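In what follows, a structure is listed as structure tokens, so that the remarks can point back to it.
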Amino acid sequence: MRDDYQRFEAQRGQILVVTRHDSATMRAYWRKEKLPFRGIADPDGKITAAYGQQWKLVSLGRMPAQFVVDCQGKIALSHYGKSMADIPPNDEVIATLRRLKAACPAAGS
């Protein structure tokens, strides 16, 4: 997502990553990796649980989950990964954002 960040922004997309780490660990990782998007520390898993994201000890962590939320706050795309590598391609998410951009008025209009 970092490499395609400008493409997400061009479609008025905003990336928000929820991580199960504490704030200090998350902040250090964001700085080290120079991530341009926002992150939320969720060490207790309350946010991820609210969205039904699975945590599998045998897979050494949480399964990826991605959501695209439209301008009315409705989930327009959801993907629950079956493995750590099961993440939709950025092009698929950007195509969804492009459709939403056409259907939603510009911010402030």
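Quick note on naming: the chains in the structure tokens go A, B, ... in the order shown, residues restart at 1 in each chain, and ligands are numbered from 1 in order of appearance.
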
| All residues 9 Å or closer to stretch 100-107 of chain A, only C-alpha atoms, same chain fewer than 4 positions away omitted, as a list of chain:residue names | A:Gln11, A:Arg12, A:Gly13, A:Asp70, A:Cys71, A:Gln72, A:Ala76, A:Ala95, A:Thr96

Save the residues we just selected, N, CA and C atoms, as a PDB file, in the first residue's frame?
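Written output follows (selection_30.pdb):
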ATOM      1  N   GLN A  11      -7.778   8.761  -5.746  1.00  0.00           N
ATOM      2  CA  GLN A  11      -9.178   8.331  -5.768  1.00  0.00           C
ATOM      3  C   GLN A  11      -9.912   8.759  -4.496  1.00  0.00           C
ATOM      4  N   ARG A  12      -9.316   9.691  -3.760  1.00  0.00           N
ATOM      5  CA  ARG A  12      -9.833  10.199  -2.481  1.00  0.00           C
ATOM      6  C   ARG A  12      -9.877   9.110  -1.422  1.00  0.00           C
ATOM      7  N   GLY A  13      -9.048   8.091  -1.585  1.00  0.00           N
ATOM      8  CA  GLY A  13      -8.973   7.036  -0.580  1.00  0.00           C
ATOM      9  C   GLY A  13      -8.059   7.436   0.557  1.00  0.00           C
ATOM     10  N   ASP A  70     -17.543   3.603   2.045  1.00  0.00           N
ATOM     11  CA  ASP A  70     -17.951   4.651   1.119  1.00  0.00           C
ATOM     12  C   ASP A  70     -18.219   5.968   1.843  1.00  0.00           C
ATOM     13  N   CYS A  71     -18.626   6.981   1.079  1.00  0.00           N
ATOM     14  CA  CYS A  71     -18.824   8.316   1.636  1.00  0.00           C
ATOM     15  C   CYS A  71     -20.018   8.392   2.592  1.00  0.00           C
ATOM     16  N   GLN A  72     -20.841   7.369   2.622  1.00  0.00           N
ATOM     17  CA  GLN A  72     -21.966   7.327   3.555  1.00  0.00           C
ATOM     18  C   GLN A  72     -21.669   6.447   4.763  1.00  0.00           C
ATOM     19  N   ALA A  76     -18.156  -0.897   1.386  1.00  0.00           N
ATOM     20  CA  ALA A  76     -18.338  -1.142  -0.043  1.00  0.00           C
ATOM     21  C   ALA A  76     -17.545  -2.356  -0.513  1.00  0.00           C
ATOM     22  N   ALA A  95      -9.671   0.220  -7.913  1.00  0.00           N
ATOM     23  CA  ALA A  95     -10.829   0.192  -8.822  1.00  0.00           C
ATOM     24  C   ALA A  95     -12.123   0.443  -8.048  1.00  0.00           C
ATOM     25  N   THR A  96     -12.240  -0.138  -6.865  1.00  0.00           N
ATOM     26  CA  THR A  96     -13.419   0.110  -6.022  1.00  0.00           C
ATOM     27  C   THR A  96     -13.480   1.580  -5.628  1.00  0.00           C
TER      28      THR A  96
END

| Within 12 Å of stretch 28-33 of chain A, counting only C-alpha atoms, which residues qualify if same-chain residues fewer than 4 places away don't, as JSON, numbers by chain? | {"A": [1, 2, 3, 17, 19, 21, 22, 23, 24, 37, 38, 39, 40, 41]}

Would you save the residues of that selection, restricted to C-alpha atoms, as a PDB file, in the first residue's frame?
ATOM      1  CA  MET A   1       0.000   0.000   0.000  1.00  0.00           C
ATOM      2  CA  ARG A   2       2.898   2.328   0.704  1.00  0.00           C
ATOM      3  CA  ASP A   3       4.121   2.060  -2.899  1.00  0.00           C
ATOM      4  CA  VAL A  17      -4.233   0.448   9.439  1.00  0.00           C
ATOM      5  CA  THR A  19      -2.485  -3.019  14.399  1.00  0.00           C
ATOM      6  CA  HIS A  21       0.666  -3.702  18.757  1.00  0.00           C
ATOM      7  CA  ASP A  22       0.998  -1.053  21.458  1.00  0.00           C
ATOM      8  CA  SER A  23       1.402   2.592  20.454  1.00  0.00           C
ATOM      9  CA  ALA A  24       5.165   2.761  20.967  1.00  0.00           C
ATOM     10  CA  PHE A  37      -0.781   6.507   6.079  1.00  0.00           C
ATOM     11  CA  ARG A  38      -2.381   6.519   9.509  1.00  0.00           C
ATOM     12  CA  GLY A  39      -2.283   3.715  12.013  1.00  0.00           C
ATOM     13  CA  ILE A  40      -4.243   2.896  15.140  1.00  0.00           C
ATOM     14  CA  ALA A  41      -2.798   0.793  17.934  1.00  0.00           C
TER      15      ALA A  41
END

| said: Considering only alpha helix (DSSP H) as DSSP defines it on the backbone, what residues of chain A qualify? List them as a PyMOL selection string. | reply: chain A and resi 5-10+23-33+46-50+90-103

| message | Using Å and a single decimal, report how far atom CA of A:Ile75 sits from atom CA of A:Ala49. | response |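 Distance reported for this atom pair: 16.1 Å.
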
| Atom-to-atom span, atom CA of A:Arg20 and atom CA of A:Ser83, Å |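 Those two atoms sit 16.8 Å apart.
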
| If you run DSSP on this backbone, which residues of stretch 53-107 of chain A come out as strand (DSSP E or B), and could you give them as a list in words? | Trp55, Lys56, Gly61, Arg62, Ala65, Gln66, Phe67, Val68, Val69, Ile75, Ala76, Leu77, Ser78, His79 and Tyr80 of chain A

Write the residues of the selection above to a file with N, CA and C atoms, as a compact mmCIF listing (two decimals), in the first residue's frame.
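Okay, again.txt is ready:
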# COMPACT_ATOMS: atom_id res chain seq x y z
N TRP A 55 -7.92 -14.03 14.67
CA TRP A 55 -6.58 -14.17 15.24
C TRP A 55 -6.32 -15.66 15.33
N LYS A 56 -5.29 -16.14 14.65
CA LYS A 56 -4.99 -17.57 14.65
C LYS A 56 -3.59 -17.81 15.18
N GLY A 61 -0.54 -15.14 14.19
CA GLY A 61 -1.07 -13.78 14.20
C GLY A 61 -2.44 -13.65 13.61
N ARG A 62 -2.76 -12.41 13.31
CA ARG A 62 -4.09 -12.12 12.80
C ARG A 62 -4.13 -12.30 11.29
N ALA A 65 -7.48 -8.42 7.07
CA ALA A 65 -8.84 -8.02 6.72
C ALA A 65 -8.74 -6.62 6.14
N GLN A 66 -9.45 -6.39 5.04
CA GLN A 66 -9.46 -5.08 4.41
C GLN A 66 -10.88 -4.66 4.15
N PHE A 67 -11.11 -3.37 4.34
CA PHE A 67 -12.43 -2.80 4.11
C PHE A 67 -12.29 -1.50 3.35
N VAL A 68 -13.23 -1.25 2.46
CA VAL A 68 -13.36 0.05 1.82
C VAL A 68 -14.72 0.58 2.27
N VAL A 69 -14.70 1.76 2.85
CA VAL A 69 -15.93 2.38 3.36
C VAL A 69 -16.28 3.54 2.45
N ILE A 75 -19.80 -0.17 4.26
CA ILE A 75 -18.70 -0.98 3.74
C ILE A 75 -19.02 -1.35 2.30
N ALA A 76 -18.16 -0.90 1.39
CA ALA A 76 -18.34 -1.14 -0.04
C ALA A 76 -17.55 -2.36 -0.51
N LEU A 77 -16.51 -2.72 0.22
CA LEU A 77 -15.69 -3.88 -0.11
C LEU A 77 -15.14 -4.43 1.19
N SER A 78 -15.23 -5.72 1.36
CA SER A 78 -14.60 -6.36 2.52
C SER A 78 -13.90 -7.62 2.05
N HIS A 79 -12.78 -7.87 2.68
CA HIS A 79 -12.01 -9.07 2.36
C HIS A 79 -11.40 -9.60 3.65
N TYR A 80 -11.72 -10.83 3.98
CA TYR A 80 -11.14 -11.51 5.14
C TYR A 80 -10.17 -12.56 4.62
